[in-house]
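Asks: For reference, this is entry_34.txt, and it has compact mmCIF, C-alpha atoms.
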# COMPACT_ATOMS: atom_id res chain seq x y z
CA MET A 1 0.00 0.00 0.00
CA THR A 2 2.84 2.33 0.71
CA ALA A 3 4.28 1.89 -2.80
CA VAL A 4 0.88 2.54 -4.35
CA ALA A 5 0.48 5.72 -2.31
CA GLU A 6 3.90 6.95 -3.32
CA ARG A 7 3.11 6.37 -7.00
CA ARG A 8 -0.15 8.25 -6.63
CA GLU A 9 1.63 11.15 -4.92
CA ARG A 10 4.24 11.34 -7.66
CA THR A 11 1.53 11.25 -10.30
CA SER A 12 -0.48 13.99 -8.62
CA GLY A 13 2.71 16.09 -8.23
CA ALA A 14 3.51 15.68 -11.91
CA ASP A 15 -0.04 16.70 -12.77
CA ARG A 16 0.32 19.83 -10.65
CA HIS A 17 3.60 20.83 -12.36
CA ALA A 18 2.39 20.00 -15.88
CA PRO A 19 0.68 23.42 -16.49
CA ILE A 20 3.79 25.25 -15.26
CA ASN A 21 6.01 23.25 -17.60
CA ARG A 22 3.67 23.89 -20.52
CA ASN A 23 3.70 27.63 -19.78
CA ARG A 24 7.49 27.66 -19.70
CA GLN A 25 7.67 25.80 -23.00
CA ALA A 26 5.19 28.23 -24.55
CA LYS A 27 7.25 31.20 -23.31
CA ASN A 28 10.44 29.68 -24.68
CA ARG A 29 8.77 29.13 -28.06
CA GLY A 30 7.52 32.72 -27.98
CA LYS A 31 11.06 34.00 -27.40
CA LEU A 32 12.53 31.88 -30.19
CA LEU A 33 11.04 33.80 -33.12
CA PRO A 34 12.20 37.27 -31.96
CA THR A 35 15.66 35.84 -31.32
CA ILE A 36 15.82 34.39 -34.82
CA LEU A 37 14.67 37.70 -36.33
CA LEU A 38 17.30 39.60 -34.34
CA LEU A 39 20.01 37.21 -35.49
CA ILE A 40 18.91 37.62 -39.11
CA GLY A 41 18.93 41.41 -38.73
CA ALA A 42 22.37 41.35 -37.11
CA ALA A 43 23.72 39.18 -39.91
CA TYR A 44 22.16 41.48 -42.51
CA CYS A 45 23.93 44.49 -40.97
CA LEU A 46 27.24 42.89 -40.01
CA VAL A 47 28.03 40.62 -42.96
CA PRO A 48 28.72 43.53 -45.38
CA VAL A 49 30.95 45.19 -42.78
CA VAL A 50 32.85 41.96 -42.20
CA TRP A 51 33.25 41.50 -45.94
CA VAL A 52 34.65 45.04 -46.32
CA PHE A 53 37.30 44.40 -43.68
CA ILE A 54 38.18 41.03 -45.21
CA ALA A 55 38.30 42.53 -48.72
CA THR A 56 40.75 45.10 -47.40
CA THR A 57 43.23 42.29 -46.73
CA LYS A 58 43.01 40.91 -50.27
CA ALA A 59 45.52 41.73 -52.97
CA ARG A 60 44.21 43.14 -56.23
CA GLY A 61 44.19 39.78 -57.97
CA GLU A 62 42.57 38.02 -55.01
CA LEU A 63 39.79 40.60 -54.78
CA PHE A 64 38.57 40.24 -58.35
CA THR A 65 39.09 36.50 -58.82
CA THR A 66 37.65 35.06 -55.59
CA PHE A 67 34.67 35.81 -53.38
CA THR A 68 35.39 34.23 -50.03
CA PHE A 69 35.58 35.32 -46.41
CA ALA A 70 39.13 34.05 -46.10
CA PRO A 71 41.68 36.80 -45.36
CA GLY A 72 44.08 37.76 -48.14
CA THR A 73 47.72 38.76 -48.26
CA GLY A 74 47.58 42.38 -49.40
CA LEU A 75 46.55 44.35 -46.30
CA PHE A 76 49.71 46.39 -45.85
CA ASP A 77 50.12 47.00 -49.58
CA ASN A 78 46.53 48.26 -49.77
CA LEU A 79 47.02 50.59 -46.81
CA ALA A 80 50.27 51.94 -48.25
CA SER A 81 48.64 52.52 -51.64
CA LEU A 82 45.64 54.22 -50.02
CA PHE A 83 47.62 56.73 -47.98
CA SER A 84 50.05 57.44 -50.80
CA TYR A 85 47.35 57.98 -53.43
CA GLY A 86 47.39 61.49 -54.83
CA ASP A 87 50.18 62.65 -52.49
CA GLY A 88 48.14 61.79 -49.41
CA GLN A 89 44.69 62.81 -50.54
CA PHE A 90 42.98 60.22 -48.35
CA GLY A 91 44.65 61.59 -45.22
CA MET A 92 43.46 65.07 -46.19
CA TRP A 93 39.93 63.78 -46.71
CA ALA A 94 40.05 62.07 -43.32
CA LEU A 95 41.15 65.31 -41.63
CA ASN A 96 38.35 67.18 -43.39
CA SER A 97 35.81 64.62 -42.18
CA LEU A 98 37.19 64.93 -38.65
CA LEU A 99 36.89 68.71 -38.89
CA TYR A 100 33.34 68.66 -40.19
CA ALA A 101 32.12 65.94 -37.82
CA GLY A 102 34.07 67.11 -34.75
CA ILE A 103 33.37 70.84 -34.89
CA GLY A 104 29.91 70.36 -36.36
CA GLY A 105 29.02 67.79 -33.72
CA ILE A 106 30.23 69.98 -30.84
CA LEU A 107 28.44 73.11 -32.07
CA SER A 108 25.26 71.19 -32.82
CA THR A 109 25.35 69.58 -29.37
CA LEU A 110 25.71 72.95 -27.65
CA VAL A 111 22.90 74.53 -29.66
CA SER A 112 20.65 71.51 -29.17
CA THR A 113 21.34 71.43 -25.42
CA MET A 114 20.55 75.11 -24.92
CA ALA A 115 17.46 75.00 -27.11
CA GLY A 116 16.17 71.78 -25.52
CA TYR A 117 16.78 73.15 -22.01
CA ALA A 118 14.90 76.35 -22.83
CA LEU A 119 11.95 74.49 -24.36
CA ALA A 120 11.74 72.13 -21.39
CA LYS A 121 12.22 74.50 -18.46
CA TYR A 122 10.99 77.95 -19.52
CA GLU A 123 7.49 79.21 -20.15
CA PHE A 124 7.31 81.78 -22.95
CA PRO A 125 4.85 82.72 -25.70
CA GLY A 126 5.07 80.50 -28.75
CA ARG A 127 6.89 77.65 -27.01
CA THR A 128 4.43 75.01 -28.18
CA LEU A 129 4.46 76.35 -31.75
CA ILE A 130 8.26 76.30 -31.82
CA PHE A 131 8.28 72.74 -30.52
CA TYR A 132 5.83 71.62 -33.22
CA CYS A 133 7.98 73.31 -35.86
CA ILE A 134 10.97 71.37 -34.56
CA LEU A 135 8.95 68.14 -34.78
CA GLY A 136 8.13 69.06 -38.36
CA GLY A 137 11.83 69.55 -39.02
CA VAL A 138 12.50 66.05 -37.68
CA LEU A 139 10.10 64.64 -40.28
CA ILE A 140 11.76 66.43 -43.21
CA PRO A 141 14.62 64.37 -44.74
CA GLY A 142 17.88 66.27 -44.69
CA ILE A 143 18.51 65.30 -48.31
CA THR A 144 15.68 67.59 -49.44
CA LEU A 145 17.36 70.63 -47.86
CA ALA A 146 20.75 70.31 -49.56
CA ILE A 147 19.80 72.17 -52.75
CA PRO A 148 17.96 75.06 -50.98
CA GLN A 149 20.87 75.41 -48.57
CA TYR A 150 23.31 75.55 -51.48
CA LEU A 151 21.26 78.26 -53.21
CA LEU A 152 21.07 80.33 -50.02
CA LEU A 153 24.79 80.06 -49.27
CA SER A 154 25.78 80.73 -52.86
CA GLN A 155 23.78 83.97 -52.76
CA ILE A 156 25.99 85.25 -49.93
CA GLY A 157 29.20 83.86 -51.44
CA MET A 158 29.83 81.12 -48.88
CA ALA A 159 29.32 78.04 -51.04
CA GLY A 160 32.43 75.97 -51.70
CA GLY A 161 34.24 76.47 -48.38
CA TYR A 162 34.34 74.72 -45.05
CA LEU A 163 31.57 76.89 -43.61
CA SER A 164 29.18 75.78 -46.32
CA VAL A 165 29.28 72.27 -44.83
CA LEU A 166 29.51 73.31 -41.17
CA LEU A 167 26.72 75.90 -40.97
CA PRO A 168 23.82 73.68 -42.14
CA VAL A 169 24.63 70.93 -39.62
CA ILE A 170 24.72 73.16 -36.54
CA ILE A 171 20.94 73.17 -36.25
CA SER A 172 19.64 69.65 -35.70
CA PRO A 173 15.86 69.35 -35.13
CA PHE A 174 16.23 65.81 -33.82
CA GLY A 175 19.05 66.88 -31.49
CA ILE A 176 16.90 69.68 -30.09
CA TYR A 177 13.95 67.32 -29.67
CA LEU A 178 16.12 64.73 -27.91
CA SER A 179 17.63 67.38 -25.62
CA ARG A 180 14.20 68.71 -24.74
CA VAL A 181 12.94 65.23 -23.83
CA TYR A 182 16.04 64.47 -21.77
CA ALA A 183 15.97 67.83 -19.96
CA SER A 184 12.30 67.29 -19.03
CA ALA A 185 13.05 63.86 -17.57
CA ALA A 186 16.45 64.34 -15.94
CA MET A 187 16.19 67.83 -14.48
CA PRO A 188 13.72 68.38 -11.60
CA SER A 189 12.09 71.80 -11.71
CA GLU A 190 12.31 71.96 -7.91
CA THR A 191 16.10 71.95 -8.12
CA LEU A 192 16.07 74.92 -10.47
CA GLU A 193 13.62 76.80 -8.28
CA ALA A 194 15.80 76.18 -5.23
CA ALA A 195 18.80 77.61 -7.11
CA ARG A 196 16.79 80.71 -8.07
CA ILE A 197 15.73 81.20 -4.45
CA ASP A 198 19.41 81.03 -3.45
CA GLY A 199 20.10 83.91 -5.84
CA ALA A 200 21.68 82.10 -8.80
CA ASN A 201 21.07 83.67 -12.19
CA GLU A 202 19.80 81.67 -15.16
CA TRP A 203 23.19 81.30 -16.83
CA ARG A 204 24.77 79.98 -13.64
CA ILE A 205 21.87 77.55 -13.13
CA PHE A 206 22.29 76.22 -16.66
CA ARG A 207 26.08 76.01 -16.37
CA THR A 208 26.31 74.44 -12.91
CA ILE A 209 23.11 72.38 -12.74
CA GLY A 210 21.68 71.94 -16.22
CA ILE A 211 24.79 70.88 -18.13
CA PRO A 212 26.04 68.30 -15.56
CA LEU A 213 22.62 66.67 -15.44
CA MET A 214 22.34 66.62 -19.24
CA VAL A 215 25.78 65.12 -19.97
CA PRO A 216 24.46 61.67 -21.01
CA GLY A 217 21.93 63.30 -23.32
CA MET A 218 24.60 65.60 -24.73
CA VAL A 219 26.85 62.61 -25.40
CA THR A 220 24.03 60.91 -27.28
CA VAL A 221 23.35 63.99 -29.39
CA PHE A 222 27.06 64.41 -30.13
CA MET A 223 27.43 60.78 -31.17
CA LEU A 224 24.41 60.93 -33.47
CA GLN A 225 25.58 64.19 -35.02
CA PHE A 226 29.17 63.01 -35.40
CA VAL A 227 28.11 59.80 -37.13
CA GLY A 228 25.58 61.64 -39.29
CA ILE A 229 28.06 64.29 -40.43
CA TRP A 230 30.87 61.75 -40.90
CA ASN A 231 28.64 59.67 -43.19
CA ASN A 232 27.00 62.64 -44.91
CA PHE A 233 27.48 62.59 -48.65
CA LEU A 234 24.98 64.80 -50.47
CA LEU A 235 25.58 68.06 -48.60
CA PRO A 236 29.37 68.20 -49.16
CA PHE A 237 28.91 66.78 -52.66
CA VAL A 238 26.61 69.68 -53.53
CA MET A 239 28.50 72.38 -51.65
CA LEU A 240 32.14 71.59 -52.47
CA SER A 241 33.99 71.70 -55.76
CA ASP A 242 37.61 71.67 -54.56
CA GLN A 243 38.93 68.17 -53.82
CA SER A 244 41.11 69.56 -51.04
CA ASN A 245 37.90 70.26 -49.06
CA TYR A 246 36.28 66.88 -49.67
CA PRO A 247 35.36 64.61 -46.75
CA ILE A 248 35.93 60.87 -46.92
CA THR A 249 32.50 60.11 -48.35
CA VAL A 250 32.88 62.36 -51.38
CA GLY A 251 36.54 61.40 -51.78
CA LEU A 252 35.71 57.69 -51.93
CA TYR A 253 32.97 58.48 -54.44
CA THR A 254 35.52 60.11 -56.72
CA LEU A 255 37.67 56.99 -56.44
CA LEU A 256 34.74 54.81 -57.45
CA ALA A 257 33.89 57.16 -60.32
CA LYS A 258 37.45 56.90 -61.61
CA GLY A 259 37.49 53.15 -61.00
CA SER A 260 35.58 52.46 -64.24
CA GLY A 261 38.73 53.39 -66.14
CA SER A 262 41.20 52.10 -63.54
CA PRO A 263 39.93 49.00 -61.67
CA ALA A 264 42.82 49.27 -59.22
CA LEU A 265 41.00 52.18 -57.59
CA TYR A 266 38.18 49.86 -56.51
CA SER A 267 40.60 48.22 -54.09
CA LEU A 268 41.58 51.63 -52.73
CA ALA A 269 37.93 52.60 -52.30
CA ILE A 270 37.18 49.41 -50.36
CA THR A 271 40.22 49.91 -48.16
CA GLY A 272 39.24 53.52 -47.56
CA ALA A 273 35.70 52.46 -46.59
CA ALA A 274 37.10 50.02 -44.02
CA VAL A 275 39.46 52.63 -42.57
CA SER A 276 36.62 55.18 -42.35
CA ILE A 277 34.61 52.83 -40.10
CA ILE A 278 37.36 52.57 -37.47
CA PRO A 279 36.94 56.11 -35.99
CA LEU A 280 33.21 55.50 -35.52
CA VAL A 281 33.86 52.24 -33.66
CA LEU A 282 36.45 53.93 -31.45
CA LEU A 283 34.08 56.81 -30.75
CA MET A 284 31.34 54.40 -29.69
CA LEU A 285 33.70 52.52 -27.37
CA PHE A 286 34.94 55.77 -25.83
CA LEU A 287 31.48 57.25 -25.24
CA GLN A 288 30.07 54.09 -23.67
CA ARG A 289 31.52 55.01 -20.29
CA PHE A 290 29.30 58.10 -20.10
CA TRP A 291 26.15 56.01 -20.52
CA ARG A 292 27.48 53.47 -18.04
CA MET A 293 28.15 56.23 -15.51
CA ASP A 294 24.60 57.49 -15.98
CA LEU A 295 23.15 54.04 -15.34
CA ILE A 296 25.30 53.61 -12.22
CA SER A 297 24.34 57.02 -10.85
CA GLY A 298 20.66 56.30 -11.57
CA GLY A 299 20.93 53.03 -9.66
CA LEU A 300 22.55 54.75 -6.70
CA LYS A 301 19.82 57.40 -6.63
CA GLY A 302 17.18 54.70 -6.69
Would you write out, as structure tokens, the structure that this file holds?
Replies:
Amino acid sequence: MTAVAERRERTSGADRHAPINRNRQAKNRGKLLPTILLLIGAAYCLVPVVWVFIATTKARGELFTTFTFAPGTGLFDNLASLFSYGDGQFGMWALNSLLYAGIGGILSTLVSTMAGYALAKYEFPGRTLIFYCILGGVLIPGITLAIPQYLLLSQIGMAGGYLSVLLPVIISPFGIYLSRVYASAAMPSETLEAARIDGANEWRIFRTIGIPLMVPGMVTVFMLQFVGIWNNFLLPFVMLSDQSNYPITVGLYTLLAKGSGSPALYSLAITGAAVSIIPLVLLMLFLQRFWRMDLISGGLKG
């Protein structure tokens, strides 16, 4: 009788746990499809990048005769040819891209931070209308503004120089929108009111309270602007005519355009594309610590 009772107890216990096990299996099956989709999306994005870096290692003959993911033997020759092309034109294009993206990103971040802070923390006539106009600017593709911007700058004689690329990127509707959202969430109004009661003026409040609290948001805006300007093609292509002012994107386009008559330039263009990705990866790795610090500080506050 004891054995029969034990079997019945085990059976009843298994019956009790059966619904739980079925729920776990259903949850696991539900997580499988999103995981597969994410893996497919990651492969779709990463495989071309991996191929570019592998193609950079291939000698000219290996690149055009084989299509494999096996590394080649021409990495150092390709790099030497790239940086010696046109008496160092690629290095000049890289410096131009760094100038446009670095200075443009910093100025755009400062303007976006100040504008977002003002829209989030000040009451003034027309604030809502201005915010809706900024939202409208977010919805307008930047590519549609390149020609009007060129016509405006050419009328005042500024087209063709460095400023013709820098000035249009200083105002970023999305950067202002992001800064406004971050300032509303990260900056308590009570803190600002306490500083005003203590006699601090508005500039001091923004400089000593607003900016430190908005650092993670500013880093995000800077990264997005830097990457956007670094990868921008149409604006400098329309604005610039002197190759000495070209960024990497337009410079690599000229290599591809000349490659139809000289296939060797295709290898240089691929190598240049791989080299141009490296600063963006380094920037992302460097800026990660600011987001990590924000998460840690948020956890400590909680």
Asks: Between A:Ala159, A:Ala118, A:Ala80, A:Leu39, which is the closest to Glu202 (chain A) once you count only C-alpha atoms?
Replies: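 Selected residue with least distance to Glu202 (chain A): A:Ala118.
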Asks: My list of candidates is A:Trp230, A:Tyr162, A:Trp51, A:Phe206. Which is closest to Tyr122 (chain A) when distances are computed with only C-alpha atoms?
Replies: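 When distances to Tyr122 (chain A) are compared using only C-alpha atoms, the smallest one comes from A:Phe206.
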Asks: Near Gly161 (chain A), within 12 Å and counting all atoms listed in the file, which residues show up once chain neighbours fewer than 3 positions away are dropped, as a PDB file with C-alpha atoms, in the coordinates of the input?
Replies:
ATOM      1  CA  ASN A  96      38.350  67.180 -43.390  1.00  0.00           C
ATOM      2  CA  TYR A 100      33.340  68.660 -40.190  1.00  0.00           C
ATOM      3  CA  TYR A 150      23.310  75.550 -51.480  1.00  0.00           C
ATOM      4  CA  LEU A 153      24.790  80.060 -49.270  1.00  0.00           C
ATOM      5  CA  SER A 154      25.780  80.730 -52.860  1.00  0.00           C
ATOM      6  CA  GLY A 157      29.200  83.860 -51.440  1.00  0.00           C
ATOM      7  CA  MET A 158      29.830  81.120 -48.880  1.00  0.00           C
ATOM      8  CA  SER A 164      29.180  75.780 -46.320  1.00  0.00           C
ATOM      9  CA  VAL A 165      29.280  72.270 -44.830  1.00  0.00           C
ATOM     10  CA  LEU A 166      29.510  73.310 -41.170  1.00  0.00           C
ATOM     11  CA  LEU A 167      26.720  75.900 -40.970  1.00  0.00           C
ATOM     12  CA  PRO A 236      29.370  68.200 -49.160  1.00  0.00           C
ATOM     13  CA  PHE A 237      28.910  66.780 -52.660  1.00  0.00           C
ATOM     14  CA  VAL A 238      26.610  69.680 -53.530  1.00  0.00           C
ATOM     15  CA  MET A 239      28.500  72.380 -51.650  1.00  0.00           C
ATOM     16  CA  LEU A 240      32.140  71.590 -52.470  1.00  0.00           C
ATOM     17  CA  SER A 241      33.990  71.700 -55.760  1.00  0.00           C
ATOM     18  CA  ASP A 242      37.610  71.670 -54.560  1.00  0.00           C
ATOM     19  CA  GLN A 243      38.930  68.170 -53.820  1.00  0.00           C
ATOM     20  CA  SER A 244      41.110  69.560 -51.040  1.00  0.00           C
ATOM     21  CA  ASN A 245      37.900  70.260 -49.060  1.00  0.00           C
ATOM     22  CA  TYR A 246      36.280  66.880 -49.670  1.00  0.00           C
TER      23      TYR A 246
END
Asks: Tell me which residues come within 10 Å of (31.7, 64.5, -39.9), as a list in words, counting all atoms listed in the file in the file's coordinates.
Replies: Ala94, Leu95, Asn96, Ser97, Leu98, Leu99, Tyr100, Ala101, Gly102, Ile103, Gly104, Gly105, Val165, Leu166, Val169, Gln225, Phe226, Val227, Gly228, Ile229, Trp230, Asn231, Asn232, Phe233, Pro247, Ile248 and Thr249 of chain A
Asks: Identify which of the residues A:Ala146, A:Leu224, A:Leu119, A:Leu235 lies closest to Arg180 (chain A), counting all atoms listed in the file when measuring atom-to-atom distances.
Replies: A:Leu119
Asks: So how many Å separate CA of Leu37 (chain A) and CA of Leu285 (chain A), to one decimal?
Replies: 25.7 Å
Asks: Output as a tab-separated table one row per residue of region 204-239 of chain A within 8 Å of region 183-188 of chain A: the closest atom pair and its distance in Å to one decimal place, counting all atoms listed in the file, sorted by chain and residue number ascending.
Replies:
residue	atom	partner	partner_atom	distance
A:Gly210	CA	A:Met187	CA	7.1
A:Leu213	CA	A:Met187	CA	6.6
A:Met214	CA	A:Ala183	CA	6.5
Asks: What would the file look like if the residues just selected were written as a PDB file, in the coordinates of the input with C-alpha atoms?
Replies:
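Ended up saving to again01.pdb:
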ATOM      1  CA  GLY A 210      21.680  71.940 -16.220  1.00  0.00           C
ATOM      2  CA  LEU A 213      22.620  66.670 -15.440  1.00  0.00           C
ATOM      3  CA  MET A 214      22.340  66.620 -19.240  1.00  0.00           C
TER       4      MET A 214
END
Asks: Write out as a list in words each polymer residue whose atoms come within 9 Å of Ala195 (chain A), counting all atoms listed in the file; drop sequence neighbours fewer than 6 positions from it.
Replies: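 Contacts, in chain order: Asn201, Ile205 and Ile209 of chain A.
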Asks: Could you give me the axis-aligned bounding box of region 269-277 of chain A, with 8 Å of padding per side, as centre plus edge lengths in Å to one decimal, as JSON?
Replies:
{"center_x": 37.4, "center_y": 52.3, "center_z": -46.2, "size_x": 21.6, "size_y": 21.8, "size_z": 28.2}
Asks: Find the distance between CA of Leu79 (chain A) and CA of Val50 (chain A) and write it in Å to one decimal.
Replies: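 Computed distance, CA of Leu79 (chain A) to CA of Val50 (chain A), equals 17.2 Å.
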Asks: Grab the CA of Gln288 (chain A) to CA of Leu139 (chain A) distance for me, in Å with one decimal place.
Replies: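 Atom-to-atom, CA of Gln288 (chain A) to CA of Leu139 (chain A), that is 28.0 Å.
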Asks: Write out as a list in words the residues lying within 10 Å of Val275 (chain A), counting all atoms listed in the file and excluding same-chain residues fewer than 4 positions away.
Replies: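 The contact residues come out as Val52, Phe53, Thr56, Leu79, Leu82, Ala94, Ile248, Ala269, Ile270, Thr271, Pro279 and Leu280 of chain A.
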Asks: Between A:Ala120, A:Ala200, A:Leu255, A:Met284, which has the minimum distance to Gln89 (chain A) (counting only C-alpha atoms)?
Replies: A:Leu255
Asks: Could you name the residues that touch Asp77 (chain A) at 12 Å or less, counting all atoms listed in the file, but leaving out those on the same chain fewer than 6 positions away, as a ChimeraX atom specification?
Replies: /A:56-60,83-85,267-268,271
Asks: Would you output that residue set with C-alpha atoms, as a compact mmCIF listing (two decimals), in the coordinates of the input?
Replies:
# COMPACT_ATOMS: atom_id res chain seq x y z
CA THR A 56 40.75 45.10 -47.40
CA THR A 57 43.23 42.29 -46.73
CA LYS A 58 43.01 40.91 -50.27
CA ALA A 59 45.52 41.73 -52.97
CA ARG A 60 44.21 43.14 -56.23
CA PHE A 83 47.62 56.73 -47.98
CA SER A 84 50.05 57.44 -50.80
CA TYR A 85 47.35 57.98 -53.43
CA SER A 267 40.60 48.22 -54.09
CA LEU A 268 41.58 51.63 -52.73
CA THR A 271 40.22 49.91 -48.16
Asks: So, with only C-alpha atoms as the atoms that count, which of A:Ile171, A:Ala194, A:Leu75, A:Leu107 lies closest to Glu62 (chain A)?
Replies: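 Counting only C-alpha atoms, the residue closest to Glu62 (chain A) is A:Leu75.
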Asks: List every protein, DNA or RNA residue that has at least one atom no more than 12 Å from (40.5, 32.2, -49.8) in the file's coordinates, counting only C-alpha atoms, and write the result as a PyMOL selection string.
Replies: chain A and resi 54-55+57-59+61-73
Asks: Go through A:Ser172, A:Pro125, A:Ile156, A:Thr113 and flag the residue nearest Pro216 (chain A), using all atoms listed in the file for the distances.
Replies: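 When distances to Pro216 (chain A) are compared using all atoms listed in the file, the smallest one comes from A:Thr113.
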Asks: Missing atoms in region 93-114 of chain A: can you complete it with N, CA and C atoms, as a JSON list (two decimals), in the frame of the given file?
Replies:
[["chain", "number", "residue", "atom", "x", "y", "z"],
["A", 93, "TRP", "N", 41.37, 63.98, -46.82],
["A", 93, "TRP", "CA", 39.93, 63.78, -46.71],
["A", 93, "TRP", "C", 39.54, 63.36, -45.30],
["A", 94, "ALA", "N", 40.34, 62.51, -44.68],
["A", 94, "ALA", "CA", 40.05, 62.07, -43.32],
["A", 94, "ALA", "C", 40.10, 63.25, -42.33],
["A", 95, "LEU", "N", 41.07, 64.13, -42.50],
["A", 95, "LEU", "CA", 41.15, 65.31, -41.63],
["A", 95, "LEU", "C", 39.95, 66.23, -41.85],
["A", 96, "ASN", "N", 39.53, 66.37, -43.11],
["A", 96, "ASN", "CA", 38.35, 67.18, -43.39],
["A", 96, "ASN", "C", 37.11, 66.58, -42.73],
["A", 97, "SER", "N", 36.96, 65.27, -42.82],
["A", 97, "SER", "CA", 35.81, 64.62, -42.18],
["A", 97, "SER", "C", 35.85, 64.82, -40.67],
["A", 98, "LEU", "N", 37.05, 64.71, -40.09],
["A", 98, "LEU", "CA", 37.19, 64.93, -38.65],
["A", 98, "LEU", "C", 36.84, 66.37, -38.28],
["A", 99, "LEU", "N", 37.22, 67.31, -39.13],
["A", 99, "LEU", "CA", 36.89, 68.71, -38.89],
["A", 99, "LEU", "C", 35.39, 68.94, -38.96],
["A", 100, "TYR", "N", 34.77, 68.46, -40.04],
["A", 100, "TYR", "CA", 33.34, 68.66, -40.19],
["A", 100, "TYR", "C", 32.56, 67.98, -39.07],
["A", 101, "ALA", "N", 32.88, 66.71, -38.81],
["A", 101, "ALA", "CA", 32.12, 65.94, -37.82],
["A", 101, "ALA", "C", 32.43, 66.40, -36.39],
["A", 102, "GLY", "N", 33.70, 66.70, -36.10],
["A", 102, "GLY", "CA", 34.07, 67.11, -34.75],
["A", 102, "GLY", "C", 33.51, 68.47, -34.38],
["A", 103, "ILE", "N", 33.86, 69.48, -35.19],
["A", 103, "ILE", "CA", 33.37, 70.84, -34.89],
["A", 103, "ILE", "C", 31.87, 70.92, -35.06],
["A", 104, "GLY", "N", 31.35, 70.34, -36.15],
["A", 104, "GLY", "CA", 29.91, 70.36, -36.36],
["A", 104, "GLY", "C", 29.16, 69.64, -35.25],
["A", 105, "GLY", "N", 29.67, 68.51, -34.80],
["A", 105, "GLY", "CA", 29.02, 67.79, -33.72],
["A", 105, "GLY", "C", 29.03, 68.56, -32.41],
["A", 106, "ILE", "N", 30.14, 69.20, -32.08],
["A", 106, "ILE", "CA", 30.23, 69.98, -30.84],
["A", 106, "ILE", "C", 29.28, 71.17, -30.87],
["A", 107, "LEU", "N", 29.32, 71.94, -31.97],
["A", 107, "LEU", "CA", 28.44, 73.11, -32.07],
["A", 107, "LEU", "C", 26.97, 72.70, -32.07],
["A", 108, "SER", "N", 26.65, 71.65, -32.80],
["A", 108, "SER", "CA", 25.26, 71.19, -32.82],
["A", 108, "SER", "C", 24.81, 70.71, -31.45],
["A", 109, "THR", "N", 25.70, 70.05, -30.72],
["A", 109, "THR", "CA", 25.35, 69.58, -29.37],
["A", 109, "THR", "C", 25.09, 70.75, -28.44],
["A", 110, "LEU", "N", 25.92, 71.78, -28.51],
["A", 110, "LEU", "CA", 25.71, 72.95, -27.65],
["A", 110, "LEU", "C", 24.41, 73.66, -27.98],
["A", 111, "VAL", "N", 24.14, 73.87, -29.27],
["A", 111, "VAL", "CA", 22.90, 74.53, -29.66],
["A", 111, "VAL", "C", 21.69, 73.69, -29.27],
["A", 112, "SER", "N", 21.77, 72.39, -29.51],
["A", 112, "SER", "CA", 20.65, 71.51, -29.17],
["A", 112, "SER", "C", 20.40, 71.49, -27.67],
["A", 113, "THR", "N", 21.48, 71.47, -26.87],
["A", 113, "THR", "CA", 21.34, 71.43, -25.42],
["A", 113, "THR", "C", 20.68, 72.70, -24.91],
["A", 114, "MET", "N", 21.14, 73.85, -25.38],
["A", 114, "MET", "CA", 20.55, 75.11, -24.92],
["A", 114, "MET", "C", 19.10, 75.25, -25.36]]
